[in-house]
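Here is the file input_25.pdb (PDB, C-alpha atoms, pLDDT in the B column).
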```
ATOM      1  CA  MET G   8     -11.143   6.178  -1.087  1.00 94.00           C
ATOM      2  CA  LEU G   9     -13.182   3.007  -0.824  1.00 98.00           C
ATOM      3  CA  TYR G  10     -14.319   0.801  -3.705  1.00 98.00           C
ATOM      4  CA  THR G  11     -17.391  -1.296  -4.419  1.00 98.00           C
ATOM      5  CA  THR G  12     -17.112  -4.988  -5.214  1.00 98.00           C
ATOM      6  CA  THR G  13     -17.295  -4.277  -8.960  1.00 98.00           C
ATOM      7  CA  GLN G  14     -14.674  -1.542  -8.746  1.00 98.00           C
ATOM      8  CA  ALA G  15     -12.447  -3.808  -6.652  1.00 98.00           C
ATOM      9  CA  ALA G  16     -12.736  -6.501  -9.337  1.00 97.00           C
ATOM     10  CA  ASP G  17     -11.738  -3.986 -12.022  1.00 97.00           C
ATOM     11  CA  HIS G  18      -8.627  -2.942 -10.088  1.00 96.00           C
ATOM     12  CA  ALA G  19      -7.645  -6.526  -9.317  1.00 95.00           C
ATOM     13  CA  THR G  20      -8.103  -7.474 -12.986  1.00 94.00           C
ATOM     14  CA  LYS G  21      -5.758  -4.679 -14.101  1.00 94.00           C
ATOM     15  CA  TRP G  22      -3.103  -5.750 -11.591  1.00 89.00           C
ATOM     16  CA  ARG G  23      -3.417  -9.411 -12.470  1.00 86.00           C
ATOM     17  CA  ARG G  24      -3.090  -8.720 -16.195  1.00 89.00           C
ATOM     18  CA  PHE G  25      -0.147  -6.380 -15.671  1.00 87.00           C
ATOM     19  CA  GLY G  26       1.609  -8.771 -13.313  1.00 79.00           C
ATOM     20  CA  THR G  27       1.153 -11.882 -15.413  1.00 78.00           C
ATOM     21  CA  GLY G  28       0.693 -10.760 -18.993  1.00 80.00           C
ATOM     22  CA  THR G  29      -2.350 -13.025 -19.241  1.00 79.00           C
ATOM     23  CA  PRO G  30      -5.948 -12.051 -20.007  1.00 85.00           C
ATOM     24  CA  ALA G  31      -7.026 -13.170 -16.524  1.00 82.00           C
ATOM     25  CA  THR G  32     -10.150 -11.512 -15.157  1.00 90.00           C
ATOM     26  CA  VAL G  33     -11.109 -11.045 -11.527  1.00 93.00           C
ATOM     27  CA  THR G  34     -14.891 -11.041 -11.238  1.00 96.00           C
ATOM     28  CA  PRO G  35     -17.077  -9.482  -8.560  1.00 98.00           C
ATOM     29  CA  ALA G  36     -17.882 -13.059  -7.497  1.00 97.00           C
ATOM     30  CA  ALA G  37     -14.161 -13.643  -6.925  1.00 95.00           C
ATOM     31  CA  ILE G  38     -13.984 -10.516  -4.752  1.00 97.00           C
ATOM     32  CA  ARG G  39     -16.913 -11.809  -2.692  1.00 97.00           C
ATOM     33  CA  LYS G  40     -15.175 -15.205  -2.396  1.00 96.00           C
ATOM     34  CA  TRP G  41     -11.937 -13.545  -1.273  1.00 95.00           C
ATOM     35  CA  ALA G  42     -13.939 -11.739   1.401  1.00 96.00           C
ATOM     36  CA  SER G  43     -15.727 -14.903   2.539  1.00 96.00           C
ATOM     37  CA  ARG G  44     -12.390 -16.734   2.776  1.00 94.00           C
ATOM     38  CA  GLY G  45     -10.791 -13.959   4.815  1.00 93.00           C
ATOM     39  CA  HIS G  46      -8.412 -12.668   2.120  1.00 92.00           C
ATOM     40  CA  LEU G  47     -10.206  -9.308   1.904  1.00 96.00           C
ATOM     41  CA  ASP G  48     -11.893  -7.467   4.749  1.00 97.00           C
ATOM     42  CA  PRO G  49     -14.396  -4.682   4.075  1.00 97.00           C
ATOM     43  CA  ALA G  50     -13.198  -1.242   5.134  1.00 98.00           C
ATOM     44  CA  GLY G  51     -16.741   0.101   5.307  1.00 97.00           C
ATOM     45  CA  LEU G  52     -20.271  -0.153   3.979  1.00 98.00           C
ATOM     46  CA  ASP G  53     -22.165   1.871   1.392  1.00 97.00           C
ATOM     47  CA  ASP G  54     -25.626   3.372   1.959  1.00 97.00           C
ATOM     48  CA  GLN G  55     -27.275   0.041   1.104  1.00 97.00           C
ATOM     49  CA  GLY G  56     -25.035  -1.918   3.485  1.00 97.00           C
ATOM     50  CA  HIS G  57     -22.836  -3.401   0.739  1.00 97.00           C
ATOM     51  CA  PRO G  58     -19.135  -3.804   1.537  1.00 98.00           C
ATOM     52  CA  LEU G  59     -16.549  -1.287   0.411  1.00 98.00           C
ATOM     53  CA  TYR G  60     -12.860  -2.106   0.109  1.00 98.00           C
ATOM     54  CA  ALA G  61      -9.632  -0.130   0.502  1.00 98.00           C
ATOM     55  CA  LEU G  62      -7.256  -0.138  -2.458  1.00 97.00           C
ATOM     56  CA  VAL G  63      -4.330  -1.463  -0.431  1.00 97.00           C
ATOM     57  CA  ASP G  64      -6.465  -4.370   0.819  1.00 97.00           C
ATOM     58  CA  ILE G  65      -7.574  -5.196  -2.729  1.00 97.00           C
ATOM     59  CA  ALA G  66      -3.927  -5.257  -3.830  1.00 94.00           C
ATOM     60  CA  ARG G  67      -2.943  -7.550  -0.953  1.00 93.00           C
ATOM     61  CA  ALA G  68      -5.791  -9.949  -1.664  1.00 94.00           C
ATOM     62  CA  GLU G  69      -4.970 -10.048  -5.380  1.00 91.00           C
ATOM     63  CA  LYS G  70      -1.343 -10.831  -4.643  1.00 88.00           C
ATOM     64  CA  ALA G  71      -2.261 -13.480  -2.073  1.00 86.00           C
ATOM     65  CA  THR G  72      -4.606 -15.259  -4.461  1.00 85.00           C
ATOM     66  CA  ARG G  73      -2.696 -14.797  -7.753  1.00 79.00           C
ATOM     67  CA  LYS G  74      -0.463 -17.869  -7.606  1.00 72.00           C
ATOM     68  CA  ARG G  75      -3.330 -20.233  -6.868  1.00 71.00           C
ATOM     69  CA  ALA G  76      -5.593 -18.652  -9.478  1.00 64.00           C
ATOM     70  CA  LEU G  77      -2.977 -18.912 -12.189  1.00 60.00           C
ATOM     71  CA  ARG G  78      -2.213 -22.506 -11.269  1.00 65.00           C
ATOM     72  CA  LEU G  79      -5.899 -23.357 -11.622  1.00 64.00           C
ATOM     73  CA  VAL G  80      -5.974 -22.018 -15.181  1.00 60.00           C
ATOM     74  CA  GLY G  81      -2.721 -23.775 -16.100  1.00 64.00           C
ATOM     75  CA  VAL G  82      -0.345 -20.796 -16.108  1.00 56.00           C
ATOM     76  CA  GLY G  83       3.023 -21.555 -14.569  1.00 56.00           C
ATOM     77  CA  ALA G  84       2.115 -25.178 -13.986  1.00 47.00           C
ATOM     78  CA  HIS G  85       5.217 -26.510 -15.745  1.00 45.00           C
TER      79      HIS G  85
END
```

Would you encode the structure as structure tokens?
Amino acid sequence: MLYTTTQAADHATKWRRFGTGTPATVTPAAIRKWASRGHLDPAGLDDQGHPLYALVDIARAEKATRKRALRLVGVGAH
């Protein structure tokens, strides 16, 4: 199954919150940024040509970006 940018953000938010215990949110804009920076490659396109993402790729991108994101909001900076 492939996921839209909004759905990808929802999944990444759940993982981030579960993995860190913080109320961190991954936005659709963050998903687009991950894609533009090469952390997340589209696995396909929808009927309107918008990118779709595989669940495993979303998970990898969330994990790859988690440490930096948490550092930016001051979690684990001690």

For Ala15 (chain G), work out the shell of residues within 8 Å, counting all atoms listed in the file and skipping chain neighbours fewer than 2 positions away, then give it as a list in words.
Tyr10, Thr11, Thr12, Thr13, Asp17, His18, Ala19, Pro35, Ile38, Tyr60, Leu62 and Ile65 of chain G

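What separates CA of His46 (chain G) from CA of Thr72 (chain G) is a distance of 8.0 Å.
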
Between CA of Lys40 (chain G) and CA of Thr27 (chain G), what is the spacing in Å?
21.1 Å

Just the number, please: distance in Å from CA of Arg39 (chain G) to CA of Pro58 (chain G), one decimal.
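Computing it gives 9.3 Å between the two atoms.
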
Which residue gives the smallest distance to Val33 (chain G) among G:Ala16, G:Ala66, G:Ala71, G:Ala61, with all atoms listed in the file counted?
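Nearest candidate to Val33 (chain G) out of G:Ala16, G:Ala66, G:Ala71, G:Ala61: G:Ala16.
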
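Among G:Gln14, G:Pro49, G:Trp41, G:Ala36, the residue with the shortest atom-to-atom distance to Arg73 (chain G), counting all atoms listed in the file, is G:Trp41.
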
Any chance you could turn region 15-31 of chain G into a file with all heavy atoms, as an mmCIF file, in the first residue's frame?
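Okay, out.cif is ready:
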```cif
data_model
loop_
_atom_site.group_PDB
_atom_site.id
_atom_site.type_symbol
_atom_site.label_atom_id
_atom_site.label_comp_id
_atom_site.auth_asym_id
_atom_site.auth_seq_id
_atom_site.Cartn_x
_atom_site.Cartn_y
_atom_site.Cartn_z
ATOM 1 N N ALA G 15 1.425 9.930 5.151
ATOM 2 C CA ALA G 15 2.802 9.671 5.568
ATOM 3 C C ALA G 15 3.136 10.476 6.819
ATOM 4 O O ALA G 15 3.772 9.966 7.748
ATOM 5 C CB ALA G 15 3.774 10.012 4.441
ATOM 6 N N ALA G 16 2.695 11.734 6.863
ATOM 7 C CA ALA G 16 2.935 12.577 8.034
ATOM 8 C C ALA G 16 2.241 12.007 9.266
ATOM 9 O O ALA G 16 2.813 12.012 10.371
ATOM 10 C CB ALA G 16 2.461 14.003 7.764
ATOM 11 N N ASP G 17 1.039 11.492 9.103
ATOM 12 C CA ASP G 17 0.314 10.888 10.226
ATOM 13 C C ASP G 17 1.064 9.679 10.777
ATOM 14 O O ASP G 17 1.209 9.526 11.996
ATOM 15 C CB ASP G 17 -1.099 10.475 9.808
ATOM 16 C CG ASP G 17 -2.011 11.655 9.548
ATOM 17 O OD1 ASP G 17 -1.699 12.786 10.005
ATOM 18 O OD2 ASP G 17 -3.053 11.450 8.878
ATOM 19 N N HIS G 18 1.539 8.810 9.889
ATOM 20 C CA HIS G 18 2.298 7.638 10.339
ATOM 21 C C HIS G 18 3.591 8.055 11.032
ATOM 22 O O HIS G 18 3.931 7.527 12.102
ATOM 23 C CB HIS G 18 2.618 6.716 9.160
ATOM 24 C CG HIS G 18 1.472 5.865 8.737
ATOM 25 N ND1 HIS G 18 0.996 4.816 9.477
ATOM 26 C CD2 HIS G 18 0.690 5.920 7.632
ATOM 27 C CE1 HIS G 18 -0.022 4.254 8.856
ATOM 28 N NE2 HIS G 18 -0.233 4.912 7.722
ATOM 29 N N ALA G 19 4.316 8.971 10.438
ATOM 30 C CA ALA G 19 5.579 9.417 11.024
ATOM 31 C C ALA G 19 5.353 10.075 12.387
ATOM 32 O O ALA G 19 6.152 9.903 13.304
ATOM 33 C CB ALA G 19 6.293 10.377 10.071
ATOM 34 N N THR G 20 4.266 10.817 12.530
ATOM 35 C CA THR G 20 3.937 11.438 13.815
ATOM 36 C C THR G 20 3.706 10.375 14.879
ATOM 37 O O THR G 20 4.232 10.477 15.992
ATOM 38 C CB THR G 20 2.694 12.341 13.687
ATOM 39 O OG1 THR G 20 3.034 13.444 12.849
ATOM 40 C CG2 THR G 20 2.229 12.852 15.035
ATOM 41 N N LYS G 21 2.953 9.347 14.554
ATOM 42 C CA LYS G 21 2.693 8.258 15.516
ATOM 43 C C LYS G 21 3.996 7.597 15.952
ATOM 44 O O LYS G 21 4.215 7.340 17.132
ATOM 45 C CB LYS G 21 1.747 7.231 14.905
ATOM 46 C CG LYS G 21 0.344 7.733 14.757
ATOM 47 C CD LYS G 21 -0.523 6.710 14.031
ATOM 48 C CE LYS G 21 -1.864 7.319 13.670
ATOM 49 N NZ LYS G 21 -2.646 6.444 12.787
ATOM 50 N N TRP G 22 4.871 7.305 14.986
ATOM 51 C CA TRP G 22 6.148 6.669 15.328
ATOM 52 C C TRP G 22 7.020 7.580 16.177
ATOM 53 O O TRP G 22 7.658 7.139 17.122
ATOM 54 C CB TRP G 22 6.900 6.246 14.074
ATOM 55 C CG TRP G 22 6.218 5.165 13.304
ATOM 56 C CD1 TRP G 22 5.498 4.123 13.818
ATOM 57 C CD2 TRP G 22 6.164 5.028 11.902
ATOM 58 N NE1 TRP G 22 5.015 3.351 12.799
ATOM 59 C CE2 TRP G 22 5.409 3.873 11.610
ATOM 60 C CE3 TRP G 22 6.688 5.763 10.846
ATOM 61 C CZ2 TRP G 22 5.182 3.435 10.321
ATOM 62 C CZ3 TRP G 22 6.451 5.326 9.565
ATOM 63 C CH2 TRP G 22 5.707 4.172 9.307
ATOM 64 N N ARG G 23 7.063 8.850 15.821
ATOM 65 C CA ARG G 23 7.902 9.782 16.556
ATOM 66 C C ARG G 23 7.414 9.912 17.999
ATOM 67 O O ARG G 23 8.191 9.911 18.931
ATOM 68 C CB ARG G 23 7.948 11.145 15.872
ATOM 69 C CG ARG G 23 8.934 12.063 16.558
ATOM 70 C CD ARG G 23 9.570 13.063 15.663
ATOM 71 N NE ARG G 23 10.420 12.454 14.652
ATOM 72 C CZ ARG G 23 10.947 13.116 13.637
ATOM 73 N NH1 ARG G 23 10.726 14.394 13.493
ATOM 74 N NH2 ARG G 23 11.703 12.514 12.757
ATOM 75 N N ARG G 24 6.124 10.022 18.174
ATOM 76 C CA ARG G 24 5.557 10.135 19.530
ATOM 77 C C ARG G 24 5.786 8.867 20.327
ATOM 78 O O ARG G 24 6.111 8.921 21.505
ATOM 79 C CB ARG G 24 4.070 10.458 19.452
ATOM 80 C CG ARG G 24 3.828 11.874 18.999
ATOM 81 C CD ARG G 24 2.362 12.196 18.878
ATOM 82 N NE ARG G 24 2.197 13.591 18.466
ATOM 83 C CZ ARG G 24 1.046 14.133 18.180
ATOM 84 N NH1 ARG G 24 -0.070 13.416 18.254
ATOM 85 N NH2 ARG G 24 0.978 15.399 17.810
ATOM 86 N N PHE G 25 5.603 7.715 19.703
ATOM 87 C CA PHE G 25 5.825 6.448 20.390
ATOM 88 C C PHE G 25 7.293 6.282 20.762
ATOM 89 O O PHE G 25 7.621 5.872 21.863
ATOM 90 C CB PHE G 25 5.372 5.273 19.512
ATOM 91 C CG PHE G 25 5.614 3.941 20.137
ATOM 92 C CD1 PHE G 25 4.770 3.470 21.136
ATOM 93 C CD2 PHE G 25 6.686 3.154 19.744
ATOM 94 C CE1 PHE G 25 4.997 2.239 21.731
ATOM 95 C CE2 PHE G 25 6.918 1.922 20.333
ATOM 96 C CZ PHE G 25 6.066 1.457 21.332
ATOM 97 N N GLY G 26 8.171 6.617 19.840
ATOM 98 C CA GLY G 26 9.599 6.424 20.053
ATOM 99 C C GLY G 26 10.239 7.401 21.016
ATOM 100 O O GLY G 26 11.294 7.131 21.576
ATOM 101 N N THR G 27 9.614 8.545 21.219
ATOM 102 C CA THR G 27 10.244 9.572 22.045
ATOM 103 C C THR G 27 9.429 9.966 23.266
ATOM 104 O O THR G 27 9.962 10.578 24.185
ATOM 105 C CB THR G 27 10.478 10.855 21.234
ATOM 106 O OG1 THR G 27 9.212 11.398 20.853
ATOM 107 C CG2 THR G 27 11.329 10.588 20.006
ATOM 108 N N GLY G 28 8.148 9.651 23.256
ATOM 109 C CA GLY G 28 7.293 10.061 24.356
ATOM 110 C C GLY G 28 7.030 11.561 24.384
ATOM 111 O O GLY G 28 6.566 12.093 25.375
ATOM 112 N N THR G 29 7.312 12.235 23.296
ATOM 113 C CA THR G 29 7.077 13.678 23.205
ATOM 114 C C THR G 29 5.880 13.933 22.291
ATOM 115 O O THR G 29 5.503 13.073 21.503
ATOM 116 C CB THR G 29 8.297 14.422 22.621
ATOM 117 O OG1 THR G 29 8.471 14.009 21.261
ATOM 118 C CG2 THR G 29 9.562 14.134 23.414
ATOM 119 N N PRO G 30 5.294 15.116 22.366
ATOM 120 C CA PRO G 30 4.165 15.428 21.491
ATOM 121 C C PRO G 30 4.594 15.910 20.104
ATOM 122 O O PRO G 30 3.874 16.652 19.448
ATOM 123 C CB PRO G 30 3.434 16.531 22.260
ATOM 124 C CG PRO G 30 4.515 17.228 23.011
ATOM 125 C CD PRO G 30 5.491 16.139 23.388
ATOM 126 N N ALA G 31 5.749 15.483 19.646
ATOM 127 C CA ALA G 31 6.271 15.924 18.349
ATOM 128 C C ALA G 31 5.303 15.574 17.222
ATOM 129 O O ALA G 31 4.663 14.530 17.234
ATOM 130 C CB ALA G 31 7.619 15.261 18.085
#
```
